[in-house]
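Trainee: The structure that follows is given in the form of structure tokens.
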Amino acid sequence: MTTSPDIANGELSAAFAALPGVDEPTRARLHARLVSAAAEAGILDVAYRTVDSPVGPLLLAATDTGLVRVAYAREDHDAVLERLASTVSPRVLLAPARLDPVAAEFEEYFAGRRRLFDLPLDLRLAHGFRRTVLSQLRRIGYGQTASYTAVAVAAGSPKAVRAVGTACATNPLPIVVPCHRVVRSDGAIGGYVGGADAKRTLLSLEAAV
Amino acid sequence: MARYGPMVLRVCRAVLGPAAAEDAWSETFLAALQAYPELPPGSNVEAWLVTIAHRKAIDARRAQARRATPTDTLPERPSSDGLPDGRDHDLWAALGRLPRRQRETVAYHYLGGLPYAEIAAITGGTPDAARRAAADGIAALRRVYLKGTVR
């Protein structure tokens, strides 16, 4: 009877386990090669990268249509990518170069040199009334604020104040679609998908310029 | 891909040698990206990737055989020329000297982590035959690789 190699060859198993993994330059080279091959084959459906910002690392993800997701670290970038894989396409690849123009606009915005994001957007993650709200949000100018009530009125449903809050809380494109400019009528800052501190940071950045 | 990339690269290295491994790795993941939306949920991703890698390795060997000019073929076995990780090279080299069937079963089981039933489905034959091929391969590796081990 053959002895199971699993049991008899612990030392070889250890030697296999000790074989060097993939070093970083090799990993990066292989990854870059795969990204360009996938783009060429037309199967890079979601490209993503992260950028550092005064409100923490931001995940940026884009489809062929445009920017589809901006996510704060507190939303858990891995979880956000998993959801993109299940709702948009499982072909999600880290492809920083494809998001260079987007990253550049964010950098300019945080440096106070950009008042308006001029990017193609893919709003497929927002539906129905939430999407209507997002399009209203884009009318609130840089450095200005509006109340949840005012946005509800502008969106054509004056009573849907709570729904406006939900639309802001689930905004797939924070910062670019400026839900941080919506505050409570009593003057309180209100909630924010990136946290109240991030909201304050963005509002004071815009107020200072 | 970050999760399975290193495993697939090691399998490709073991089966094809270091020179052809990166091509096979890229081909495997491109094909995997293409086919991924059709992969039934709950599938064994490792087995699926190793299956694709196995087919790409067959393609690579055919292409290698077709190429006539010897300069197209890089040396398949790196020499252990006094590098600090010389022993790792020895293990890769020892793997490279195994007959193809043994090399595949050892790679898919020990580097890919697949059970012999899955391996048999990929390479053909029975799970028992796959187990024996791996055992023979391991025995041969023990002879050449562990012979010089100082303890």
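Here, A, B, ... name the chains of the structure tokens in the order displayed, residue numbers run from 1 inside each chain, and ligands are numbered from 1 in the same displayed order.
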Output as a VMD selection string the set of chain B residues within 9 Å of chain A, with distances taken over only C-alpha atoms.
Mentor: chain B and resid 1 5 to 7 9 to 10 22 25 to 27 29 to 30 33 to 34 36 to 37 85 88 to 89 91 to 92 110 to 111 131 to 132 134 to 136 138 to 139 141 to 142 145 to 146
Trainee: Next, write the just-selected residues to a file, as a short mmCIF file (atom, residue, chain, number, x, y, z; two decimals), in the first residue's frame, keeping N, CA, C and O atoms as the atom set.
Mentor:
data_model
loop_
_atom_site.label_atom_id
_atom_site.label_comp_id
_atom_site.auth_asym_id
_atom_site.auth_seq_id
_atom_site.Cartn_x
_atom_site.Cartn_y
_atom_site.Cartn_z
N MET B 1 -8.08 38.30 -7.44
CA MET B 1 -6.83 38.02 -8.12
C MET B 1 -5.66 38.12 -7.14
O MET B 1 -4.74 37.31 -7.20
N GLY B 5 -3.55 34.96 -7.20
CA GLY B 5 -2.45 35.21 -8.12
C GLY B 5 -1.17 34.47 -7.77
O GLY B 5 -0.61 33.76 -8.61
N PRO B 6 -0.69 34.58 -6.52
CA PRO B 6 0.57 33.91 -6.17
C PRO B 6 0.48 32.39 -6.32
O PRO B 6 1.42 31.76 -6.81
N MET B 7 -0.66 31.81 -5.93
CA MET B 7 -0.82 30.35 -6.04
C MET B 7 -0.70 29.93 -7.51
O MET B 7 0.03 28.98 -7.84
N LEU B 9 0.73 31.47 -9.95
CA LEU B 9 2.08 31.67 -10.49
C LEU B 9 3.00 30.53 -10.06
O LEU B 9 3.81 30.04 -10.85
N ARG B 10 2.87 30.07 -8.82
CA ARG B 10 3.71 28.96 -8.36
C ARG B 10 3.38 27.68 -9.11
O ARG B 10 4.27 26.93 -9.50
N GLU B 22 5.25 33.22 -16.48
CA GLU B 22 4.56 34.52 -16.43
C GLU B 22 3.58 34.66 -17.59
O GLU B 22 2.49 35.22 -17.43
N TRP B 25 0.64 32.59 -16.68
CA TRP B 25 -0.12 33.26 -15.62
C TRP B 25 -1.03 34.34 -16.23
O TRP B 25 -2.23 34.40 -15.92
N SER B 26 -0.45 35.17 -17.10
CA SER B 26 -1.25 36.26 -17.70
C SER B 26 -2.39 35.70 -18.53
O SER B 26 -3.52 36.19 -18.46
N GLU B 27 -2.08 34.67 -19.32
CA GLU B 27 -3.12 34.05 -20.15
C GLU B 27 -4.23 33.47 -19.27
O GLU B 27 -5.41 33.56 -19.59
N PHE B 29 -5.18 34.38 -16.21
CA PHE B 29 -6.06 35.37 -15.57
C PHE B 29 -6.88 36.15 -16.58
O PHE B 29 -8.01 36.54 -16.29
N LEU B 30 -6.36 36.35 -17.77
CA LEU B 30 -7.16 37.02 -18.79
C LEU B 30 -8.37 36.13 -19.15
O LEU B 30 -9.50 36.60 -19.21
N LEU B 33 -10.80 36.23 -16.27
CA LEU B 33 -11.60 37.46 -16.25
C LEU B 33 -12.72 37.37 -17.27
O LEU B 33 -13.86 37.77 -17.02
N GLN B 34 -12.38 36.82 -18.43
CA GLN B 34 -13.35 36.70 -19.51
C GLN B 34 -14.51 35.78 -19.10
O GLN B 34 -15.66 36.07 -19.36
N TYR B 36 -15.26 34.70 -15.97
CA TYR B 36 -15.71 34.79 -14.58
C TYR B 36 -17.22 34.99 -14.41
O TYR B 36 -17.82 34.34 -13.55
N PRO B 37 -17.85 35.87 -15.24
CA PRO B 37 -19.29 36.06 -15.04
C PRO B 37 -20.11 34.77 -15.20
O PRO B 37 -21.21 34.67 -14.67
N ASP B 85 19.16 31.97 -1.93
CA ASP B 85 17.99 31.10 -1.94
C ASP B 85 18.22 29.92 -2.89
O ASP B 85 17.31 29.44 -3.53
N ASP B 88 15.84 26.97 -2.84
CA ASP B 88 14.55 27.11 -3.50
C ASP B 88 14.69 26.78 -4.98
O ASP B 88 13.85 26.11 -5.57
N HIS B 89 15.79 27.29 -5.55
CA HIS B 89 16.02 27.00 -6.97
C HIS B 89 16.15 25.49 -7.17
O HIS B 89 15.68 24.95 -8.14
N LEU B 91 14.70 23.17 -5.52
CA LEU B 91 13.40 22.52 -5.48
C LEU B 91 12.65 22.74 -6.80
O LEU B 91 12.06 21.82 -7.35
N TRP B 92 12.71 23.99 -7.30
CA TRP B 92 12.09 24.26 -8.61
C TRP B 92 12.72 23.36 -9.66
O TRP B 92 12.05 22.77 -10.50
N TYR B 110 0.24 20.07 -4.05
CA TYR B 110 1.04 20.71 -3.00
C TYR B 110 1.10 22.23 -3.13
O TYR B 110 1.19 22.93 -2.14
N LEU B 111 1.06 22.76 -4.35
CA LEU B 111 1.10 24.21 -4.52
C LEU B 111 -0.30 24.77 -4.74
O LEU B 111 -0.60 25.88 -4.34
N ARG B 131 -3.12 10.26 -7.26
CA ARG B 131 -2.46 10.13 -5.96
C ARG B 131 -1.12 9.39 -6.12
O ARG B 131 -0.11 9.79 -5.54
N ARG B 132 -1.14 8.32 -6.95
CA ARG B 132 0.11 7.56 -7.15
C ARG B 132 1.15 8.40 -7.87
O ARG B 132 2.32 8.38 -7.51
N ALA B 134 1.48 11.59 -7.79
CA ALA B 134 2.01 12.56 -6.84
C ALA B 134 2.97 11.88 -5.87
O ALA B 134 4.04 12.42 -5.55
N ALA B 135 2.60 10.66 -5.42
CA ALA B 135 3.46 9.94 -4.47
C ALA B 135 4.80 9.61 -5.13
O ALA B 135 5.86 9.78 -4.51
N ASP B 136 4.76 9.17 -6.40
CA ASP B 136 6.00 8.89 -7.12
C ASP B 136 6.83 10.16 -7.27
O ASP B 136 8.05 10.15 -7.10
N ILE B 138 6.76 12.83 -5.38
CA ILE B 138 7.29 13.21 -4.07
C ILE B 138 8.48 12.32 -3.70
O ILE B 138 9.50 12.80 -3.20
N ALA B 139 8.36 11.02 -4.01
CA ALA B 139 9.46 10.11 -3.70
C ALA B 139 10.71 10.53 -4.48
O ALA B 139 11.82 10.55 -3.93
N LEU B 141 11.37 13.51 -5.60
CA LEU B 141 11.84 14.79 -5.05
C LEU B 141 12.63 14.56 -3.77
O LEU B 141 13.64 15.21 -3.52
N ARG B 142 12.14 13.62 -2.97
CA ARG B 142 12.86 13.30 -1.72
C ARG B 142 14.28 12.85 -2.03
O ARG B 142 15.23 13.25 -1.36
N TYR B 145 16.10 16.09 -3.75
CA TYR B 145 16.08 17.37 -3.05
C TYR B 145 16.53 17.24 -1.59
O TYR B 145 17.29 18.07 -1.10
N LEU B 146 16.06 16.20 -0.93
CA LEU B 146 16.37 16.08 0.51
C LEU B 146 17.67 15.35 0.77
O LEU B 146 18.14 15.31 1.90
#
Trainee: Just want the 12 Å neighbourhood of Val15 in chain B, counted on only C-alpha atoms, with same-chain residues fewer than 3 positions away dropped. Output as a PyMOL selection string.
Mentor: chain B and resi 8-12+18-22+24-25+50+53-58+60-61+76-77+92-108+111-112
Trainee: If we count only C-alpha atoms, what is near Val151 in chain A at a cut-off of 10 Å, once residues fewer than 3 positions away on the same chain are taken out, given as a count of residues only?
Mentor: 19
Trainee: So which residues of range 25-202 of chain A fall under helix (DSSP H, G or I) by DSSP, listed as a ChimeraX atom specification?
Mentor: /A:25-40,73-75,77-87,96-110,128-137,148-154,161-169,179-181,196-202
Trainee: Could you check which of A:Ser53, A:Phe110, A:Thr166, A:Lys159 is closest to Arg131 in chain A, using only C-alpha atoms?
Mentor: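 Closest to Arg131 in chain A, using only C-alpha atoms: A:Thr166.
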